[in-house]
Amino acid sequence: MKSKDIILDINEKPNPISWISLSFQHLFAMFGATVLVPFLTGLSPAVALISSGLGTLAFLLITKGQVPAYLGSSFAFIAPIIAATALGGPEAAMLGSFLAGLVYGVVALIIKAAGYRWLIRLLPPVVVGPVIIVIGLGLAGVAVNMAMLENPGDPGTYSLLHFSAALVTLILTISFSVYLKKGFLSLIPVLLGIAGGYIYSFFVGLVDLSGVQQAKWFQIPDFVTFYTGVDFSWDIVLLMVPVAIVTLSEHIGHQMVLSKVVHRDLIAKPGLHRSIMGDGVATIIASLLGGPPNTTYGENIGVLAITKVFSVFVIAGAAVFAIVFGFIGKVSAIISSIPTPVMGGVSILLFGIIASSGLRMMVDSKIDLGKNRNLIISSVILVIGIGGAIIKVSENFEVHGMALAAILGIILNIILPDREDVSGDMFDINDNLK
């Protein structure tokens with residue numbers, strides 16, 4: 001029976017007008033982070049949009065339309081992509097992404113054959129929860145820099161005007177989320193917040209529409225693929241593949257949180273192997289086009305939690321819009337004209353939801369931090385991950401913060417005594433959904 005607090009369930013279709021608006025909300029929720037990654041790594045934002053859309057559609061097909069998740073550019077791969085590009089150009093980064101996607105496929109096949117308990121024992125909530133917190137808080141600096149700085153890459157460009165646009169956007173988004181209780185507008189608080197921030201930014205002179213005038217209506221993005229001449233290198237493998245541990249942790253965490261949000265055990269049906277395979281296929285698609293690796297987006301899970309609209313048709317609509325916008329220069333230019341502080345203001349809320357989701361996971365999984373074992377594992381993961389620790393193995397091989405934090409968390413979970421048995425219903429989803 002449909003819960004009273006669900007506006008649209010997973011397989012329900014909205015009416016056409018609501019469909020468009022709700023899909024646009026998800027598009028805007030993922031847009032800032034999805035295009036920021038290629039900006040930071042030197043890849044094409046238009047290709048990132050197209051690959052995220054195609055990857056999301058592939059994910060929805062593989063999961064049989066039962067998991068309302070949007071996939072966008074992964075922040076965990078930013079440093080490895082930059083390093084791989086320096087090593088062998090963007091083609092080398094795409095090769096590394098392809099191999100990381102294959103890791104997902106291998107893990108999915110093992111899960112299908114042997115079940116998921118082994119992976120859960122490797123990545124229990126005491127490891128995954130803090131890793132999710134690291135991912136969210138690791139993005140906190142990105143969100144704040146987007147909100148406060150005229151040039152997010154230069155700490156010396158603090159701008160009160162830019163920060164005011166971010167605060168207006170944040171306050172409006174929070175207000176719409178809290179005070180709009182009924183009607184269609186209550187379903188699109190994030191979109192309304194961005195619109196309000198955009199209008200404020202326009203009147204204070206932060207919106208530049210020159211790119212819209214210069215853009216073509218139709219344009220072919222700069223696609224890049226690894227099979228155009230890059231030589232295989234173990235350095236590329238060592239740079240990119242270990243990050244899959246982080247994104248696998250992130251994926252498990254997102255599936256746990258999403259299961260609670262939509263009131264279904266998505267781990268059991270359609271199955272963790274399907275969602276992991278969908279994530280891997282999306283990353284492989286991105287690697288064949290020249291986009292960053294894809295991952296399920298906590299921002300969009302946050303939108304689901306706020307709006308109570310779980311329809312996969314809405315997610316698919318956002319994916320189609322992303323693909324189309326990647327080819328329409330005018331539309332891409334209009335979206336790109338959204339000032340960075342506006343996206344920063346929304347990101348403060350949405351990135352915070354990621355971190356809060358990791359904390360909620362630990363609470364729901366009843367992780368007892370009174371036990372030294374759990375306290376040590378979570379503490380090491382948080383400090384190593386948020387602090388940005390790096391292990392430099394060779395000139396070209398470095399294990400960065402999030403990957404290093406996840407690896408150390410796994411090792412500590414294995415070697416420390418009094419390890420809890422997670423062979424049962426590790427998620428306790430059915431209990432938590434009652």
# chains A, B, ... in the order shown; residues from 1 in each chain; ligands from 1
>>> select_by_dssp(residues="segment 144-364 of chain A", states="helix (DSSP H, G or I)", output="ChimeraX atom specification")
/A:144-148,160-179,184-187,189-203,210-214,226-228,234-240,243-262,267-289,298-307,312-327,329-336,340-364
>>> closest_atom_pairs(of="segment 237-294 of chain A", to="segment 299-313 of chain A", cutoff="7 Å", atoms="only C-alpha atoms", output="JSON lines")
{"residue": "A:Leu258", "atom": "CA", "partner": "A:Ile301", "partner_atom": "CA", "distance": 6.6}
{"residue": "A:Val261", "atom": "CA", "partner": "A:Ala305", "partner_atom": "CA", "distance": 5.9}
{"residue": "A:Val262", "atom": "CA", "partner": "A:Phe310", "partner_atom": "CA", "distance": 6.6}
>>> closest_residue(among="A:Thr85, A:Thr295, A:Ser347, A:Ser259", to="Val190 of chain A", atoms="only C-alpha atoms")
A:Ser347
>>> residues_around(residues="Ile135 of chain A", least_positions_apart="6", cutoff="9 Å", atoms="only C-alpha atoms", output="list in words")
Phe75, Ala76, Val246, Glu250, Phe351, Ile354, Ala355, Gly385, Ile386 and Met402 of chain A
>>> closest_residue(among="A:Ile10, A:Ile410, A:Ala195, A:Leu167", to="Leu60 of chain A", atoms="only C-alpha atoms")
A:Ile10
>>> atom_distance(atom1="atom CA of Phe28 of chain A", atom2="atom CA of Leu191 of chain A")
6.8 Å
>>> closest_residue(among="A:Gly317, A:Gly88, A:Pro80, A:Gly329", to="Ile17 of chain A", atoms="only C-alpha atoms")
A:Gly317
>>> residues_around(residues="Leu375 of chain A", least_positions_apart="3", cutoff="12 Å", atoms="only C-alpha atoms", output="PDB file with all heavy atoms, in the first residue's frame")
ATOM      1  N   VAL A 126      29.968   0.683   9.739  1.00  0.00           N
ATOM      2  CA  VAL A 126      30.971   1.434  10.488  1.00  0.00           C
ATOM      3  C   VAL A 126      32.068   1.966   9.571  1.00  0.00           C
ATOM      4  O   VAL A 126      32.781   2.921   9.916  1.00  0.00           O
ATOM      5  CB  VAL A 126      31.582   0.558  11.612  1.00  0.00           C
ATOM      6  CG1 VAL A 126      32.479  -0.531  11.033  1.00  0.00           C
ATOM      7  CG2 VAL A 126      32.336   1.420  12.617  1.00  0.00           C
ATOM      8  N   VAL A 127      32.207   1.375   8.374  1.00  0.00           N
ATOM      9  CA  VAL A 127      33.148   1.879   7.372  1.00  0.00           C
ATOM     10  C   VAL A 127      32.434   2.783   6.374  1.00  0.00           C
ATOM     11  O   VAL A 127      32.889   3.892   6.072  1.00  0.00           O
ATOM     12  CB  VAL A 127      33.838   0.714   6.622  1.00  0.00           C
ATOM     13  CG1 VAL A 127      34.696   1.245   5.478  1.00  0.00           C
ATOM     14  CG2 VAL A 127      34.689  -0.100   7.589  1.00  0.00           C
ATOM     15  N   PRO A 130      31.095   6.546   7.793  1.00  0.00           N
ATOM     16  CA  PRO A 130      32.105   7.602   7.814  1.00  0.00           C
ATOM     17  C   PRO A 130      32.628   7.979   6.427  1.00  0.00           C
ATOM     18  O   PRO A 130      32.954   9.143   6.187  1.00  0.00           O
ATOM     19  CB  PRO A 130      33.224   6.989   8.677  1.00  0.00           C
ATOM     20  CG  PRO A 130      32.520   6.030   9.571  1.00  0.00           C
ATOM     21  CD  PRO A 130      31.424   5.454   8.728  1.00  0.00           C
ATOM     22  N   MET A 362      24.754   5.549  10.184  1.00  0.00           N
ATOM     23  CA  MET A 362      25.374   4.993  11.378  1.00  0.00           C
ATOM     24  C   MET A 362      24.365   4.894  12.525  1.00  0.00           C
ATOM     25  O   MET A 362      24.369   3.919  13.276  1.00  0.00           O
ATOM     26  CB  MET A 362      26.562   5.865  11.786  1.00  0.00           C
ATOM     27  CG  MET A 362      27.686   5.894  10.756  1.00  0.00           C
ATOM     28  SD  MET A 362      29.088   6.904  11.294  1.00  0.00           S
ATOM     29  CE  MET A 362      29.744   5.900  12.626  1.00  0.00           C
ATOM     30  N   ILE A 367      25.273   1.826  15.202  1.00  0.00           N
ATOM     31  CA  ILE A 367      26.712   1.743  15.448  1.00  0.00           C
ATOM     32  C   ILE A 367      27.009   2.346  16.820  1.00  0.00           C
ATOM     33  O   ILE A 367      26.712   3.517  17.072  1.00  0.00           O
ATOM     34  CB  ILE A 367      27.504   2.492  14.357  1.00  0.00           C
ATOM     35  CG1 ILE A 367      27.204   1.904  12.972  1.00  0.00           C
ATOM     36  CG2 ILE A 367      28.999   2.436  14.653  1.00  0.00           C
ATOM     37  CD1 ILE A 367      27.563   0.450  12.840  1.00  0.00           C
ATOM     38  N   ASP A 368      27.572   1.555  17.695  1.00  0.00           N
ATOM     39  CA  ASP A 368      27.859   1.980  19.069  1.00  0.00           C
ATOM     40  C   ASP A 368      29.257   2.584  19.126  1.00  0.00           C
ATOM     41  O   ASP A 368      30.263   1.872  19.127  1.00  0.00           O
ATOM     42  CB  ASP A 368      27.751   0.782  20.014  1.00  0.00           C
ATOM     43  CG  ASP A 368      27.968   1.177  21.473  1.00  0.00           C
ATOM     44  OD1 ASP A 368      28.114   2.387  21.750  1.00  0.00           O
ATOM     45  OD2 ASP A 368      28.009   0.266  22.328  1.00  0.00           O
ATOM     46  N   LEU A 369      29.321   3.917  19.179  1.00  0.00           N
ATOM     47  CA  LEU A 369      30.619   4.588  19.261  1.00  0.00           C
ATOM     48  C   LEU A 369      31.189   4.552  20.667  1.00  0.00           C
ATOM     49  O   LEU A 369      32.281   5.079  20.910  1.00  0.00           O
ATOM     50  CB  LEU A 369      30.490   6.035  18.768  1.00  0.00           C
ATOM     51  CG  LEU A 369      30.165   6.197  17.274  1.00  0.00           C
ATOM     52  CD1 LEU A 369      30.093   7.668  16.906  1.00  0.00           C
ATOM     53  CD2 LEU A 369      31.199   5.480  16.412  1.00  0.00           C
ATOM     54  N   GLY A 370      30.458   3.927  21.576  1.00  0.00           N
ATOM     55  CA  GLY A 370      31.024   3.681  22.899  1.00  0.00           C
ATOM     56  C   GLY A 370      32.038   2.558  22.874  1.00  0.00           C
ATOM     57  O   GLY A 370      32.839   2.413  23.803  1.00  0.00           O
ATOM     58  N   LYS A 371      32.029   1.755  21.823  1.00  0.00           N
ATOM     59  CA  LYS A 371      33.016   0.700  21.643  1.00  0.00           C
ATOM     60  C   LYS A 371      34.259   1.284  20.974  1.00  0.00           C
ATOM     61  O   LYS A 371      34.163   1.945  19.943  1.00  0.00           O
ATOM     62  CB  LYS A 371      32.448  -0.419  20.771  1.00  0.00           C
ATOM     63  CG  LYS A 371      31.289  -1.180  21.411  1.00  0.00           C
ATOM     64  CD  LYS A 371      30.828  -2.315  20.504  1.00  0.00           C
ATOM     65  CE  LYS A 371      29.697  -3.106  21.165  1.00  0.00           C
ATOM     66  NZ  LYS A 371      29.238  -4.218  20.286  1.00  0.00           N
ATOM     67  N   ASN A 372      35.399   1.038  21.574  1.00  0.00           N
ATOM     68  CA  ASN A 372      36.641   1.595  21.040  1.00  0.00           C
ATOM     69  C   ASN A 372      36.875   1.205  19.589  1.00  0.00           C
ATOM     70  O   ASN A 372      37.403   1.993  18.798  1.00  0.00           O
ATOM     71  CB  ASN A 372      37.832   1.148  21.892  1.00  0.00           C
ATOM     72  CG  ASN A 372      37.919   1.910  23.193  1.00  0.00           C
ATOM     73  OD1 ASN A 372      37.341   2.993  23.327  1.00  0.00           O
ATOM     74  ND2 ASN A 372      38.612   1.353  24.176  1.00  0.00           N
ATOM     75  N   SER A 378      35.903   4.823  12.744  1.00  0.00           N
ATOM     76  CA  SER A 378      35.250   6.026  12.228  1.00  0.00           C
ATOM     77  C   SER A 378      36.153   7.251  12.357  1.00  0.00           C
ATOM     78  O   SER A 378      36.201   8.097  11.458  1.00  0.00           O
ATOM     79  CB  SER A 378      33.922   6.261  12.954  1.00  0.00           C
ATOM     80  OG  SER A 378      34.116   6.373  14.352  1.00  0.00           O
ATOM     81  N   SER A 379      36.893   7.348  13.460  1.00  0.00           N
ATOM     82  CA  SER A 379      37.770   8.507  13.671  1.00  0.00           C
ATOM     83  C   SER A 379      38.882   8.567  12.625  1.00  0.00           C
ATOM     84  O   SER A 379      39.168   9.632  12.063  1.00  0.00           O
ATOM     85  CB  SER A 379      38.375   8.457  15.074  1.00  0.00           C
ATOM     86  OG  SER A 379      37.377   8.501  16.063  1.00  0.00           O
ATOM     87  N   VAL A 380      39.502   7.437  12.365  1.00  0.00           N
ATOM     88  CA  VAL A 380      40.599   7.404  11.390  1.00  0.00           C
ATOM     89  C   VAL A 380      40.078   7.749   9.993  1.00  0.00           C
ATOM     90  O   VAL A 380      40.699   8.531   9.256  1.00  0.00           O
ATOM     91  CB  VAL A 380      41.281   6.018  11.385  1.00  0.00           C
ATOM     92  CG1 VAL A 380      42.244   5.888  10.201  1.00  0.00           C
ATOM     93  CG2 VAL A 380      42.026   5.793  12.698  1.00  0.00           C
ATOM     94  N   ILE A 381      38.941   7.184   9.625  1.00  0.00           N
ATOM     95  CA  ILE A 381      38.368   7.470   8.307  1.00  0.00           C
ATOM     96  C   ILE A 381      38.072   8.958   8.162  1.00  0.00           C
ATOM     97  O   ILE A 381      38.412   9.582   7.143  1.00  0.00           O
ATOM     98  CB  ILE A 381      37.084   6.648   8.076  1.00  0.00           C
ATOM     99  CG1 ILE A 381      37.414   5.167   7.939  1.00  0.00           C
ATOM    100  CG2 ILE A 381      36.342   7.136   6.827  1.00  0.00           C
ATOM    101  CD1 ILE A 381      36.204   4.263   7.849  1.00  0.00           C
ATOM    102  N   LEU A 382      37.459   9.551   9.178  1.00  0.00           N
ATOM    103  CA  LEU A 382      37.068  10.962   9.091  1.00  0.00           C
ATOM    104  C   LEU A 382      38.278  11.884   8.971  1.00  0.00           C
ATOM    105  O   LEU A 382      38.310  12.775   8.118  1.00  0.00           O
ATOM    106  CB  LEU A 382      36.231  11.343  10.312  1.00  0.00           C
ATOM    107  CG  LEU A 382      34.826  10.730  10.383  1.00  0.00           C
ATOM    108  CD1 LEU A 382      34.174  11.058  11.720  1.00  0.00           C
ATOM    109  CD2 LEU A 382      33.963  11.241   9.243  1.00  0.00           C
ATOM    110  N   GLY A 409      40.028   2.143   6.531  1.00  0.00           N
ATOM    111  CA  GLY A 409      38.839   1.696   7.245  1.00  0.00           C
ATOM    112  C   GLY A 409      38.587   0.209   7.066  1.00  0.00           C
ATOM    113  O   GLY A 409      38.261  -0.508   8.021  1.00  0.00           O
ATOM    114  N   LEU A 412      41.330  -1.702   9.089  1.00  0.00           N
ATOM    115  CA  LEU A 412      41.053  -1.664  10.526  1.00  0.00           C
ATOM    116  C   LEU A 412      39.869  -2.557  10.882  1.00  0.00           C
ATOM    117  O   LEU A 412      39.885  -3.241  11.922  1.00  0.00           O
ATOM    118  CB  LEU A 412      40.772  -0.225  10.968  1.00  0.00           C
ATOM    119  CG  LEU A 412      41.973   0.728  11.003  1.00  0.00           C
ATOM    120  CD1 LEU A 412      41.524   2.147  11.302  1.00  0.00           C
ATOM    121  CD2 LEU A 412      42.998   0.256  12.031  1.00  0.00           C
ATOM    122  N   ASN A 413      38.853  -2.568  10.037  1.00  0.00           N
ATOM    123  CA  ASN A 413      37.695  -3.412  10.291  1.00  0.00           C
ATOM    124  C   ASN A 413      38.060  -4.896  10.284  1.00  0.00           C
ATOM    125  O   ASN A 413      37.479  -5.695  11.014  1.00  0.00           O
ATOM    126  CB  ASN A 413      36.614  -3.137   9.242  1.00  0.00           C
ATOM    127  CG  ASN A 413      35.381  -3.994   9.428  1.00  0.00           C
ATOM    128  OD1 ASN A 413      34.716  -3.923  10.444  1.00  0.00           O
ATOM    129  ND2 ASN A 413      35.090  -4.824   8.433  1.00  0.00           N
ATOM    130  N   LEU A 416      41.042  -5.372  13.616  1.00  0.00           N
ATOM    131  CA  LEU A 416      40.706  -5.068  15.011  1.00  0.00           C
ATOM    132  C   LEU A 416      39.819  -6.172  15.590  1.00  0.00           C
ATOM    133  O   LEU A 416      38.967  -6.722  14.898  1.00  0.00           O
ATOM    134  CB  LEU A 416      40.000  -3.713  15.116  1.00  0.00           C
ATOM    135  CG  LEU A 416      40.864  -2.481  14.834  1.00  0.00           C
ATOM    136  CD1 LEU A 416      40.044  -1.209  14.982  1.00  0.00           C
ATOM    137  CD2 LEU A 416      42.078  -2.434  15.755  1.00  0.00           C
TER     138      LEU A 416
END
>>> closest_residue(among="A:Leu71, A:Ile171, A:Leu248, A:Ile376", to="Ile194 of chain A", atoms="only C-alpha atoms")
A:Ile171
>>> atom_distance(atom1="atom CA of His273 of chain A", atom2="atom CA of Lys112 of chain A")
5.8 Å
>>> closest_residue(among="A:Leu36, A:Leu49, A:Ile415, A:Leu61", to="Phe327 of chain A", atoms="only C-alpha atoms")
A:Leu49
>>> atom_distance(atom1="atom CA of Leu239 of chain A", atom2="atom CA of Ile384 of chain A")
18.2 Å
